[in-house]
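Next comes coords.pdb, with PDB, C-alpha atoms.
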```pdb
ATOM      1  CA  MET A 206      -1.073 -47.448-156.103  1.00  0.00           C
ATOM      2  CA  GLU A 207       2.038 -48.707-157.888  1.00  0.00           C
ATOM      3  CA  VAL A 208      -0.075 -50.762-160.288  1.00  0.00           C
ATOM      4  CA  PHE A 209      -2.434 -47.817-160.860  1.00  0.00           C
ATOM      5  CA  TRP A 210       0.387 -45.449-161.805  1.00  0.00           C
ATOM      6  CA  PHE A 211       2.090 -48.134-163.893  1.00  0.00           C
ATOM      7  CA  ILE A 212      -1.096 -48.510-165.960  1.00  0.00           C
ATOM      8  CA  ILE A 213      -1.617 -44.742-166.284  1.00  0.00           C
ATOM      9  CA  ILE A 214       1.985 -44.101-167.400  1.00  0.00           C
ATOM     10  CA  ALA A 215       1.812 -47.015-169.851  1.00  0.00           C
ATOM     11  CA  ILE A 216      -1.372 -45.564-171.379  1.00  0.00           C
ATOM     12  CA  VAL A 217       0.151 -42.061-171.638  1.00  0.00           C
ATOM     13  CA  LEU A 218       3.286 -43.419-173.336  1.00  0.00           C
ATOM     14  CA  ALA A 219       1.176 -45.509-175.725  1.00  0.00           C
ATOM     15  CA  VAL A 220      -0.868 -42.434-176.642  1.00  0.00           C
ATOM     16  CA  PHE A 221       2.367 -40.489-177.215  1.00  0.00           C
ATOM     17  CA  PHE A 222       3.748 -43.075-179.631  1.00  0.00           C
ATOM     18  CA  ILE A 223       0.419 -43.313-181.458  1.00  0.00           C
ATOM     19  CA  LEU A 224      -0.101 -39.554-181.803  1.00  0.00           C
ATOM     20  CA  ASP A 225       3.480 -38.336-182.121  1.00  0.00           C
ATOM     21  CA  GLY A 226       4.447 -41.523-183.945  1.00  0.00           C
ATOM     22  CA  TYR A 227       2.712 -40.408-187.120  1.00  0.00           C
ATOM     23  CA  ASP A 228       4.679 -37.139-186.879  1.00  0.00           C
ATOM     24  CA  PHE A 229       7.912 -39.138-186.858  1.00  0.00           C
ATOM     25  CA  GLY A 230       6.562 -41.239-189.722  1.00  0.00           C
ATOM     26  CA  THR A 231       5.653 -38.222-191.838  1.00  0.00           C
ATOM     27  CA  GLY A 232       9.202 -36.944-191.349  1.00  0.00           C
ATOM     28  CA  ILE A 233      10.633 -40.255-192.566  1.00  0.00           C
ATOM     29  CA  ILE A 234       8.335 -40.243-195.623  1.00  0.00           C
ATOM     30  CA  HIS A 235       9.147 -36.559-196.195  1.00  0.00           C
ATOM     31  CA  LEU A 236      12.870 -37.385-196.199  1.00  0.00           C
ATOM     32  CA  PHE A 237      12.771 -40.298-198.647  1.00  0.00           C
ATOM     33  CA  MET A 238       9.706 -39.882-200.857  1.00  0.00           C
ATOM     34  CA  ALA A 239       8.658 -36.229-201.089  1.00  0.00           C
ATOM     35  CA  LYS A 240      10.440 -34.804-204.139  1.00  0.00           C
ATOM     36  CA  LYS A 241       8.096 -32.053-205.318  1.00  0.00           C
ATOM     37  CA  GLU A 242       7.943 -28.790-203.384  1.00  0.00           C
ATOM     38  CA  LYS A 243       4.140 -28.956-203.179  1.00  0.00           C
ATOM     39  CA  ASP A 244       4.292 -32.438-201.642  1.00  0.00           C
ATOM     40  CA  LYS A 245       6.914 -31.321-199.136  1.00  0.00           C
ATOM     41  CA  GLU A 246       4.749 -28.400-198.031  1.00  0.00           C
ATOM     42  CA  VAL A 247       1.601 -30.506-197.699  1.00  0.00           C
ATOM     43  CA  ILE A 248       3.363 -33.256-195.737  1.00  0.00           C
ATOM     44  CA  ALA A 249       5.148 -30.779-193.454  1.00  0.00           C
ATOM     45  CA  LYS A 250       1.842 -29.026-192.732  1.00  0.00           C
ATOM     46  CA  SER A 251       0.093 -32.321-191.952  1.00  0.00           C
ATOM     47  CA  ALA A 252       2.643 -32.884-189.165  1.00  0.00           C
ATOM     48  CA  GLY A 253       3.243 -29.252-188.229  1.00  0.00           C
ATOM     49  CA  LEU A 254      -0.328 -28.622-187.100  1.00  0.00           C
ATOM     50  CA  PHE A 255      -0.130 -31.171-184.290  1.00  0.00           C
ATOM     51  CA  TRP A 256       3.490 -31.923-183.337  1.00  0.00           C
ATOM     52  CA  ASP A 257       3.686 -29.586-180.317  1.00  0.00           C
ATOM     53  CA  SER A 258       0.437 -30.792-178.726  1.00  0.00           C
ATOM     54  CA  ASN A 259       1.380 -34.434-179.336  1.00  0.00           C
ATOM     55  CA  GLU A 260       4.677 -34.063-177.502  1.00  0.00           C
ATOM     56  CA  VAL A 261       2.859 -32.881-174.361  1.00  0.00           C
ATOM     57  CA  TRP A 262       2.098 -36.572-173.747  1.00  0.00           C
ATOM     58  CA  LEU A 263       5.841 -37.267-173.408  1.00  0.00           C
ATOM     59  CA  VAL A 264       6.236 -34.404-170.930  1.00  0.00           C
ATOM     60  CA  ALA A 265       3.260 -35.720-168.946  1.00  0.00           C
ATOM     61  CA  ALA A 266       4.704 -39.245-168.884  1.00  0.00           C
ATOM     62  CA  GLY A 267       8.064 -37.937-167.675  1.00  0.00           C
ATOM     63  CA  GLY A 268       6.411 -35.904-164.909  1.00  0.00           C
ATOM     64  CA  MET A 269       4.309 -38.837-163.719  1.00  0.00           C
ATOM     65  CA  LEU A 270       7.329 -41.147-163.843  1.00  0.00           C
ATOM     66  CA  PHE A 271       9.273 -38.716-161.640  1.00  0.00           C
ATOM     67  CA  MET A 272       6.359 -38.488-159.207  1.00  0.00           C
ATOM     68  CA  ALA A 273       5.349 -42.160-159.031  1.00  0.00           C
ATOM     69  CA  PHE A 274       8.644 -44.018-159.586  1.00  0.00           C
ATOM     70  CA  PRO A 275      11.504 -41.645-158.684  1.00  0.00           C
ATOM     71  CA  THR A 276      14.057 -44.459-158.257  1.00  0.00           C
ATOM     72  CA  PHE A 277      13.297 -45.826-161.712  1.00  0.00           C
ATOM     73  CA  TYR A 278      13.430 -42.288-163.128  1.00  0.00           C
ATOM     74  CA  ALA A 279      16.855 -41.758-161.523  1.00  0.00           C
ATOM     75  CA  SER A 280      18.093 -45.115-162.849  1.00  0.00           C
ATOM     76  CA  VAL A 281      17.039 -44.308-166.404  1.00  0.00           C
ATOM     77  CA  PHE A 282      18.803 -40.956-166.339  1.00  0.00           C
ATOM     78  CA  SER A 283      21.940 -42.429-164.768  1.00  0.00           C
ATOM     79  CA  GLY A 284      22.432 -44.984-167.546  1.00  0.00           C
ATOM     80  CA  PHE A 285      20.782 -43.361-170.537  1.00  0.00           C
ATOM     81  CA  TYR A 286      21.811 -39.750-169.951  1.00  0.00           C
ATOM     82  CA  LEU A 287      23.711 -39.365-173.252  1.00  0.00           C
ATOM     83  CA  PRO A 288      20.967 -40.983-175.412  1.00  0.00           C
ATOM     84  CA  LEU A 289      18.321 -38.858-173.685  1.00  0.00           C
ATOM     85  CA  ILE A 290      20.287 -35.681-174.422  1.00  0.00           C
ATOM     86  CA  ILE A 291      20.604 -36.805-178.066  1.00  0.00           C
ATOM     87  CA  VAL A 292      16.817 -37.370-178.173  1.00  0.00           C
ATOM     88  CA  LEU A 293      16.259 -33.887-176.710  1.00  0.00           C
ATOM     89  CA  TRP A 294      18.398 -32.272-179.434  1.00  0.00           C
ATOM     90  CA  LEU A 295      16.655 -34.310-182.131  1.00  0.00           C
ATOM     91  CA  ILE A 296      13.261 -33.127-180.874  1.00  0.00           C
ATOM     92  CA  ILE A 297      14.528 -29.525-180.974  1.00  0.00           C
ATOM     93  CA  PHE A 298      15.902 -29.777-184.532  1.00  0.00           C
ATOM     94  CA  ARG A 299      12.748 -31.539-185.718  1.00  0.00           C
ATOM     95  CA  ALA A 300      10.595 -28.774-184.276  1.00  0.00           C
ATOM     96  CA  ILE A 301      12.610 -25.895-185.704  1.00  0.00           C
ATOM     97  CA  GLY A 302      12.717 -27.720-189.042  1.00  0.00           C
ATOM     98  CA  LEU A 303       8.931 -27.596-189.157  1.00  0.00           C
ATOM     99  CA  GLU A 304       8.705 -24.014-187.918  1.00  0.00           C
ATOM    100  CA  PHE A 305      11.563 -22.448-189.907  1.00  0.00           C
ATOM    101  CA  ARG A 306      11.112 -23.915-193.413  1.00  0.00           C
ATOM    102  CA  ALA A 307       8.343 -21.477-194.348  1.00  0.00           C
ATOM    103  CA  GLN A 308      10.034 -18.355-192.979  1.00  0.00           C
ATOM    104  CA  PHE A 309      11.901 -17.547-196.218  1.00  0.00           C
ATOM    105  CA  ASN A 310      11.048 -18.472-199.791  1.00  0.00           C
ATOM    106  CA  ILE A 311      14.623 -19.525-200.580  1.00  0.00           C
ATOM    107  CA  GLN A 312      15.142 -23.069-201.833  1.00  0.00           C
ATOM    108  CA  MET A 313      18.432 -23.673-200.009  1.00  0.00           C
ATOM    109  CA  TRP A 314      16.837 -22.486-196.761  1.00  0.00           C
ATOM    110  CA  LYS A 315      13.903 -24.853-197.248  1.00  0.00           C
ATOM    111  CA  ASP A 316      16.211 -27.757-198.130  1.00  0.00           C
ATOM    112  CA  ILE A 317      18.223 -27.299-194.922  1.00  0.00           C
ATOM    113  CA  TRP A 318      15.163 -27.415-192.685  1.00  0.00           C
ATOM    114  CA  ASP A 319      13.494 -30.176-194.691  1.00  0.00           C
ATOM    115  CA  THR A 320      16.599 -32.281-194.073  1.00  0.00           C
ATOM    116  CA  SER A 321      16.566 -31.314-190.395  1.00  0.00           C
ATOM    117  CA  PHE A 322      12.917 -32.402-190.091  1.00  0.00           C
ATOM    118  CA  GLY A 323      13.431 -35.678-191.953  1.00  0.00           C
ATOM    119  CA  VAL A 324      16.725 -36.793-190.410  1.00  0.00           C
ATOM    120  CA  SER A 325      15.608 -35.842-186.882  1.00  0.00           C
ATOM    121  CA  SER A 326      12.349 -37.786-187.309  1.00  0.00           C
ATOM    122  CA  LEU A 327      14.234 -40.840-188.590  1.00  0.00           C
ATOM    123  CA  LEU A 328      16.787 -40.773-185.769  1.00  0.00           C
ATOM    124  CA  LEU A 329      14.092 -40.191-183.126  1.00  0.00           C
ATOM    125  CA  ALA A 330      12.212 -43.292-184.277  1.00  0.00           C
ATOM    126  CA  LEU A 331      15.496 -45.218-184.319  1.00  0.00           C
ATOM    127  CA  PHE A 332      16.562 -44.066-180.830  1.00  0.00           C
ATOM    128  CA  PHE A 333      13.167 -44.779-179.264  1.00  0.00           C
ATOM    129  CA  GLY A 334      13.334 -48.252-180.787  1.00  0.00           C
ATOM    130  CA  ILE A 335      16.874 -48.708-179.462  1.00  0.00           C
ATOM    131  CA  ALA A 336      15.622 -47.642-176.011  1.00  0.00           C
ATOM    132  CA  LEU A 337      12.946 -50.363-176.195  1.00  0.00           C
ATOM    133  CA  GLY A 338      15.663 -52.816-177.259  1.00  0.00           C
ATOM    134  CA  ASN A 339      17.647 -51.961-174.126  1.00  0.00           C
ATOM    135  CA  VAL A 340      14.591 -52.598-171.945  1.00  0.00           C
ATOM    136  CA  ILE A 341      14.044 -55.977-173.646  1.00  0.00           C
ATOM    137  CA  ARG A 342      17.731 -56.945-173.428  1.00  0.00           C
ATOM    138  CA  GLY A 343      18.131 -55.645-169.892  1.00  0.00           C
ATOM    139  CA  VAL A 344      20.763 -53.456-168.262  1.00  0.00           C
ATOM    140  CA  ASN A 345      23.252 -54.241-165.506  1.00  0.00           C
ATOM    141  CA  LEU A 346      21.813 -52.425-162.490  1.00  0.00           C
ATOM    142  CA  GLY A 347      24.528 -51.865-159.917  1.00  0.00           C
ATOM    143  CA  GLY A 348      27.317 -52.685-162.376  1.00  0.00           C
ATOM    144  CA  VAL A 349      27.602 -56.268-161.113  1.00  0.00           C
ATOM    145  CA  GLU A 350      30.754 -58.148-162.158  1.00  0.00           C
ATOM    146  CA  ASN A 351      31.635 -61.551-160.676  1.00  0.00           C
ATOM    147  CA  GLY A 352      28.793 -61.129-158.196  1.00  0.00           C
ATOM    148  CA  ILE A 353      30.066 -57.798-156.872  1.00  0.00           C
ATOM    149  CA  SER A 354      28.273 -54.464-157.391  1.00  0.00           C
ATOM    150  CA  ALA A 355      30.456 -51.584-158.513  1.00  0.00           C
ATOM    151  CA  TYR A 356      27.922 -49.008-157.298  1.00  0.00           C
ATOM    152  CA  GLU A 357      24.439 -48.694-155.799  1.00  0.00           C
ATOM    153  CA  ALA A 358      21.798 -51.101-157.100  1.00  0.00           C
ATOM    154  CA  HIS A 359      19.669 -48.457-158.847  1.00  0.00           C
ATOM    155  CA  TYR A 360      22.538 -47.064-160.925  1.00  0.00           C
ATOM    156  CA  PHE A 361      24.068 -48.341-164.142  1.00  0.00           C
ATOM    157  CA  PHE A 362      26.261 -46.998-166.914  1.00  0.00           C
ATOM    158  CA  LEU A 363      26.319 -47.858-170.601  1.00  0.00           C
ATOM    159  CA  PRO A 364      28.577 -46.398-173.293  1.00  0.00           C
ATOM    160  CA  LEU A 365      26.841 -45.487-176.532  1.00  0.00           C
ATOM    161  CA  TRP A 366      28.405 -48.659-177.977  1.00  0.00           C
ATOM    162  CA  ASN A 367      31.335 -50.951-177.230  1.00  0.00           C
ATOM    163  CA  ASN A 368      34.063 -52.481-179.397  1.00  0.00           C
ATOM    164  CA  SER A 369      32.286 -55.812-179.856  1.00  0.00           C
ATOM    165  CA  PHE A 370      28.917 -54.216-180.761  1.00  0.00           C
ATOM    166  CA  SER A 371      27.346 -57.306-179.165  1.00  0.00           C
ATOM    167  CA  PRO A 372      24.436 -57.593-176.685  1.00  0.00           C
ATOM    168  CA  LEU A 373      26.125 -60.731-175.310  1.00  0.00           C
ATOM    169  CA  ALA A 374      29.183 -58.804-174.086  1.00  0.00           C
ATOM    170  CA  GLU A 375      29.745 -58.486-170.342  1.00  0.00           C
ATOM    171  CA  ASN A 376      29.407 -54.701-170.656  1.00  0.00           C
ATOM    172  CA  PRO A 377      27.204 -53.979-173.698  1.00  0.00           C
ATOM    173  CA  GLY A 378      26.563 -50.480-175.008  1.00  0.00           C
ATOM    174  CA  VAL A 379      23.281 -48.707-175.625  1.00  0.00           C
ATOM    175  CA  ILE A 380      23.593 -49.532-179.336  1.00  0.00           C
ATOM    176  CA  ASP A 381      24.406 -53.095-180.398  1.00  0.00           C
ATOM    177  CA  TRP A 382      23.183 -55.362-183.189  1.00  0.00           C
ATOM    178  CA  PHE A 383      20.122 -56.471-181.181  1.00  0.00           C
ATOM    179  CA  THR A 384      18.955 -53.010-180.101  1.00  0.00           C
ATOM    180  CA  LEU A 385      19.660 -51.757-183.632  1.00  0.00           C
ATOM    181  CA  VAL A 386      17.272 -54.390-185.045  1.00  0.00           C
ATOM    182  CA  ILE A 387      14.557 -53.203-182.632  1.00  0.00           C
ATOM    183  CA  GLY A 388      15.345 -49.618-183.672  1.00  0.00           C
ATOM    184  CA  ILE A 389      14.903 -50.500-187.359  1.00  0.00           C
ATOM    185  CA  ILE A 390      11.568 -52.152-186.523  1.00  0.00           C
ATOM    186  CA  ALA A 391      10.499 -48.891-184.864  1.00  0.00           C
ATOM    187  CA  VAL A 392      11.529 -46.897-187.953  1.00  0.00           C
ATOM    188  CA  VAL A 393       9.567 -49.204-190.287  1.00  0.00           C
ATOM    189  CA  THR A 394       6.516 -49.200-187.980  1.00  0.00           C
ATOM    190  CA  LEU A 395       6.385 -45.416-187.706  1.00  0.00           C
ATOM    191  CA  ALA A 396       7.047 -44.997-191.431  1.00  0.00           C
ATOM    192  CA  ILE A 397       3.906 -47.089-192.063  1.00  0.00           C
ATOM    193  CA  HIS A 398       2.030 -45.004-189.479  1.00  0.00           C
ATOM    194  CA  GLY A 399       3.177 -41.743-191.090  1.00  0.00           C
ATOM    195  CA  ALA A 400       2.399 -42.918-194.619  1.00  0.00           C
ATOM    196  CA  ASN A 401      -1.151 -43.848-193.587  1.00  0.00           C
ATOM    197  CA  TRP A 402      -1.546 -40.423-191.960  1.00  0.00           C
ATOM    198  CA  ILE A 403      -0.417 -38.643-195.142  1.00  0.00           C
ATOM    199  CA  VAL A 404      -2.826 -40.692-197.279  1.00  0.00           C
ATOM    200  CA  LEU A 405      -5.655 -39.944-194.829  1.00  0.00           C
ATOM    201  CA  LYS A 406      -5.008 -36.222-194.382  1.00  0.00           C
ATOM    202  CA  THR A 407      -3.522 -34.939-197.652  1.00  0.00           C
ATOM    203  CA  ASN A 408      -3.997 -34.963-201.406  1.00  0.00           C
ATOM    204  CA  SER A 409      -0.299 -35.203-202.240  1.00  0.00           C
ATOM    205  CA  SER A 410       0.753 -36.632-205.594  1.00  0.00           C
ATOM    206  CA  ILE A 411       2.556 -39.534-203.895  1.00  0.00           C
ATOM    207  CA  ASN A 412      -0.498 -40.954-202.097  1.00  0.00           C
ATOM    208  CA  GLU A 413      -1.013 -43.848-204.521  1.00  0.00           C
ATOM    209  CA  LYS A 414       2.682 -44.659-204.351  1.00  0.00           C
ATOM    210  CA  LEU A 415       2.484 -44.549-200.546  1.00  0.00           C
ATOM    211  CA  LYS A 416      -0.317 -47.137-200.509  1.00  0.00           C
ATOM    212  CA  LYS A 417       1.915 -49.574-202.393  1.00  0.00           C
ATOM    213  CA  THR A 418       4.854 -48.693-200.147  1.00  0.00           C
ATOM    214  CA  VAL A 419       2.789 -49.371-197.019  1.00  0.00           C
ATOM    215  CA  PHE A 420       1.964 -52.868-198.289  1.00  0.00           C
ATOM    216  CA  LYS A 421       5.658 -53.619-198.883  1.00  0.00           C
ATOM    217  CA  LEU A 422       6.670 -52.150-195.522  1.00  0.00           C
ATOM    218  CA  ASN A 423       4.071 -54.302-193.740  1.00  0.00           C
ATOM    219  CA  ILE A 424       5.624 -57.433-195.250  1.00  0.00           C
ATOM    220  CA  LEU A 425       9.073 -56.184-194.196  1.00  0.00           C
ATOM    221  CA  LEU A 426       7.753 -55.476-190.681  1.00  0.00           C
ATOM    222  CA  ILE A 427       6.364 -59.001-190.300  1.00  0.00           C
ATOM    223  CA  GLY A 428       9.713 -60.467-191.366  1.00  0.00           C
ATOM    224  CA  LEU A 429      11.687 -58.214-189.019  1.00  0.00           C
ATOM    225  CA  THR A 430       9.351 -58.975-186.105  1.00  0.00           C
ATOM    226  CA  ILE A 431       9.756 -62.736-186.557  1.00  0.00           C
ATOM    227  CA  PHE A 432      13.534 -62.282-186.858  1.00  0.00           C
ATOM    228  CA  SER A 433      13.607 -60.145-183.677  1.00  0.00           C
ATOM    229  CA  LEU A 434      11.702 -62.805-181.704  1.00  0.00           C
ATOM    230  CA  ILE A 435      14.268 -65.412-182.755  1.00  0.00           C
ATOM    231  CA  ILE A 436      17.325 -63.344-181.822  1.00  0.00           C
ATOM    232  CA  TRP A 437      15.599 -62.260-178.587  1.00  0.00           C
ATOM    233  CA  GLN A 438      15.772 -65.864-177.422  1.00  0.00           C
ATOM    234  CA  ILE A 439      19.486 -65.889-178.243  1.00  0.00           C
ATOM    235  CA  VAL A 440      20.154 -62.666-176.339  1.00  0.00           C
ATOM    236  CA  ASN A 441      17.916 -63.555-173.377  1.00  0.00           C
ATOM    237  CA  PRO A 442      16.894 -67.241-173.277  1.00  0.00           C
ATOM    238  CA  ASN A 443      14.847 -66.673-170.080  1.00  0.00           C
ATOM    239  CA  SER A 444      12.983 -63.722-171.533  1.00  0.00           C
ATOM    240  CA  LEU A 445       9.494 -65.065-170.764  1.00  0.00           C
ATOM    241  CA  ASN A 446      10.141 -66.212-167.173  1.00  0.00           C
ATOM    242  CA  ASN A 447       8.635 -63.095-165.589  1.00  0.00           C
ATOM    243  CA  PHE A 448       5.441 -63.463-167.621  1.00  0.00           C
ATOM    244  CA  ILE A 449       5.132 -67.180-166.782  1.00  0.00           C
ATOM    245  CA  GLU A 450       5.717 -66.550-163.083  1.00  0.00           C
TER     246      GLU A 450
END
```

Re-express the file's structure as structure tokens.
Amino acid sequence: MEVFWFIIIAIVLAVFFILDGYDFGTGIIHLFMAKKEKDKEVIAKSAGLFWDSNEVWLVAAGGMLFMAFPTFYASVFSGFYLPLIIVLWLIIFRAIGLEFRAQFNIQMWKDIWDTSFGVSSLLLALFFGIALGNVIRGVNLGGVENGISAYEAHYFFLPLWNNSFSPLAENPGVIDWFTLVIGIIAVVTLAIHGANWIVLKTNSSINEKLKKTVFKLNILLIGLTIFSLIIWQIVNPNSLNNFIE
């Protein structure tokens, strides 16, 4: 049953990042490339029609994780409580940015919520990427130092970052230079995803420019991915042992 639920949760999370990922991507494109009011409205609508239904997949994944792997769920919330709260607030501000921008036809009002939508989307992509970076790097379950656990084996604690900003430190933070690289990869990936969605679903004036941008971002993504694989071996030289075994 463990394998069954592992597969189901993995599929649900993958669907979430595919479906809600283009929402994050449209927000990133909206923030950096949409200059005309008409383009902003079209792009916001292309995401606004689906964002709430797409995020149901995240709720479903969280519920199944709590049901199937409660110890893992408790561990995640013990160590990543602050980042998860930040993600929650980002989701809220992104949602109200989409819902509130059209309530009043005042430019300053629209600018505030456009910024909220764009910045929240960018930071959500970054934080989800950083979360993946923490999984890849690993966390110190039990707070082991010199072979002695500071607390129970399914607990851990990480500050948001530490003074060294290094993943090689004895007590790394959630954000370090390695997890930040993975976060940037997530931002670039979802920006490509969002740009493709805008080209597919809208007739905005920036569509031709987006096609050229997607090509450049794909090249950047390949370079970043190769770079991340190299530094992964520095951070965790035995990273493939579990797969080999």

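What the PyMOL selection byres ((chain A and resi 361) around 10) grabs from this file is Ser280, Val281, Phe282, Ser283, Gly284, Phe285, Val344, Asn345, Leu346, Gly347, Gly348, Val349, Ala355, Tyr356, Glu357, Ala358, His359, Tyr360, Phe362 and Leu363 of chain A.
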
*Compile the contact shell of Met238 in chain A as an NGL selection string: residues with an atom at most 9 Å away, counting only C-alpha atoms, same-chain residues fewer than 4 positions apart removed.*
:A and (233-234 or 411 or 415)

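Shortest atom-to-atom contact with Gly226 in chain A among A:Ile212, A:Val393, A:Val379, A:Leu337: A:Val393, counting all atoms listed in the file.
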
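Atom to atom, CA of Gly334 in chain A and CA of Thr384 in chain A stand 7.4 Å apart.
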
*When distances are computed from only C-alpha atoms, which of A:Ala400, A:Leu218, A:Ala307, A:Ile390 shows the smallest separation from Phe432 in chain A?*
A:Ile390

*What's the 12 Å shell around Leu293 in chain A, counting only C-alpha atoms, without same-chain residues fewer than 5 positions away, as a PyMOL selection string?*
chain A and resi 260+263-264+286-288+298-300+325-326+328-329+332-333

Could you write out that same residue set with C-alpha atoms as a compact mmCIF listing (two decimals), in the frame of the given file?
```txt
# COMPACT_ATOMS: atom_id res chain seq x y z
CA GLU A 260 4.68 -34.06 -177.50
CA LEU A 263 5.84 -37.27 -173.41
CA VAL A 264 6.24 -34.40 -170.93
CA TYR A 286 21.81 -39.75 -169.95
CA LEU A 287 23.71 -39.36 -173.25
CA PRO A 288 20.97 -40.98 -175.41
CA PHE A 298 15.90 -29.78 -184.53
CA ARG A 299 12.75 -31.54 -185.72
CA ALA A 300 10.60 -28.77 -184.28
CA SER A 325 15.61 -35.84 -186.88
CA SER A 326 12.35 -37.79 -187.31
CA LEU A 328 16.79 -40.77 -185.77
CA LEU A 329 14.09 -40.19 -183.13
CA PHE A 332 16.56 -44.07 -180.83
CA PHE A 333 13.17 -44.78 -179.26
```

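What separates CA of Leu303 in chain A from CA of Ala252 in chain A is a distance of 8.2 Å.
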
*At what distance in Å, to one decimal, does CA of Phe255 in chain A lie from CA of Ile424 in chain A?*
29.0 Å

*What residues come out when you apply the PyMOL selection byres ((chain A and resi 315-324) around 12) to this file, written as a PyMOL selection string?*
chain A and resi 228-242+244-246+248-250+252-253+256+294-314+325-331+392+396+399

Give, as lines of an AutoDock Vina configuration file, the centre coordinates and the x, y and z edge lengths in Å to one decimal for an axis-aligned box around all listed atoms of range 247-266 of chain A, padded by 4 Å on each side.
```
center_x = 3.0
center_y = -33.9
center_z = -183.3
size_x = 14.6
size_y = 18.6
size_z = 36.8
```

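Considering all atoms listed in the file, the residue among A:Glu375, A:Lys421, A:Gly388, A:Phe221 positioned nearest to Asn351 in chain A is A:Glu375.
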
*What would the list of residues within 6 Å of (28.3, -57.3, -180.8) (file frame) look like as a ChimeraX atom specification, if all atoms listed in the file are what count?*
/A:369-372,381-382

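Put simply, the PyMOL selection byres ((chain A and resi 434) around 12) on this file hits Gly338, Ile341, Arg342, Phe383, Val386, Ile387, Ile390, Ile427, Gly428, Leu429, Thr430, Ile431, Phe432, Ser433, Ile435, Ile436, Trp437, Gln438, Ile439, Val440, Asn441, Pro442, Ser444 and Leu445 of chain A.
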
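Closest to Val261 in chain A among A:Val217, A:Ala273, A:Val208, A:Val292 is A:Val217, based on all atoms listed in the file.
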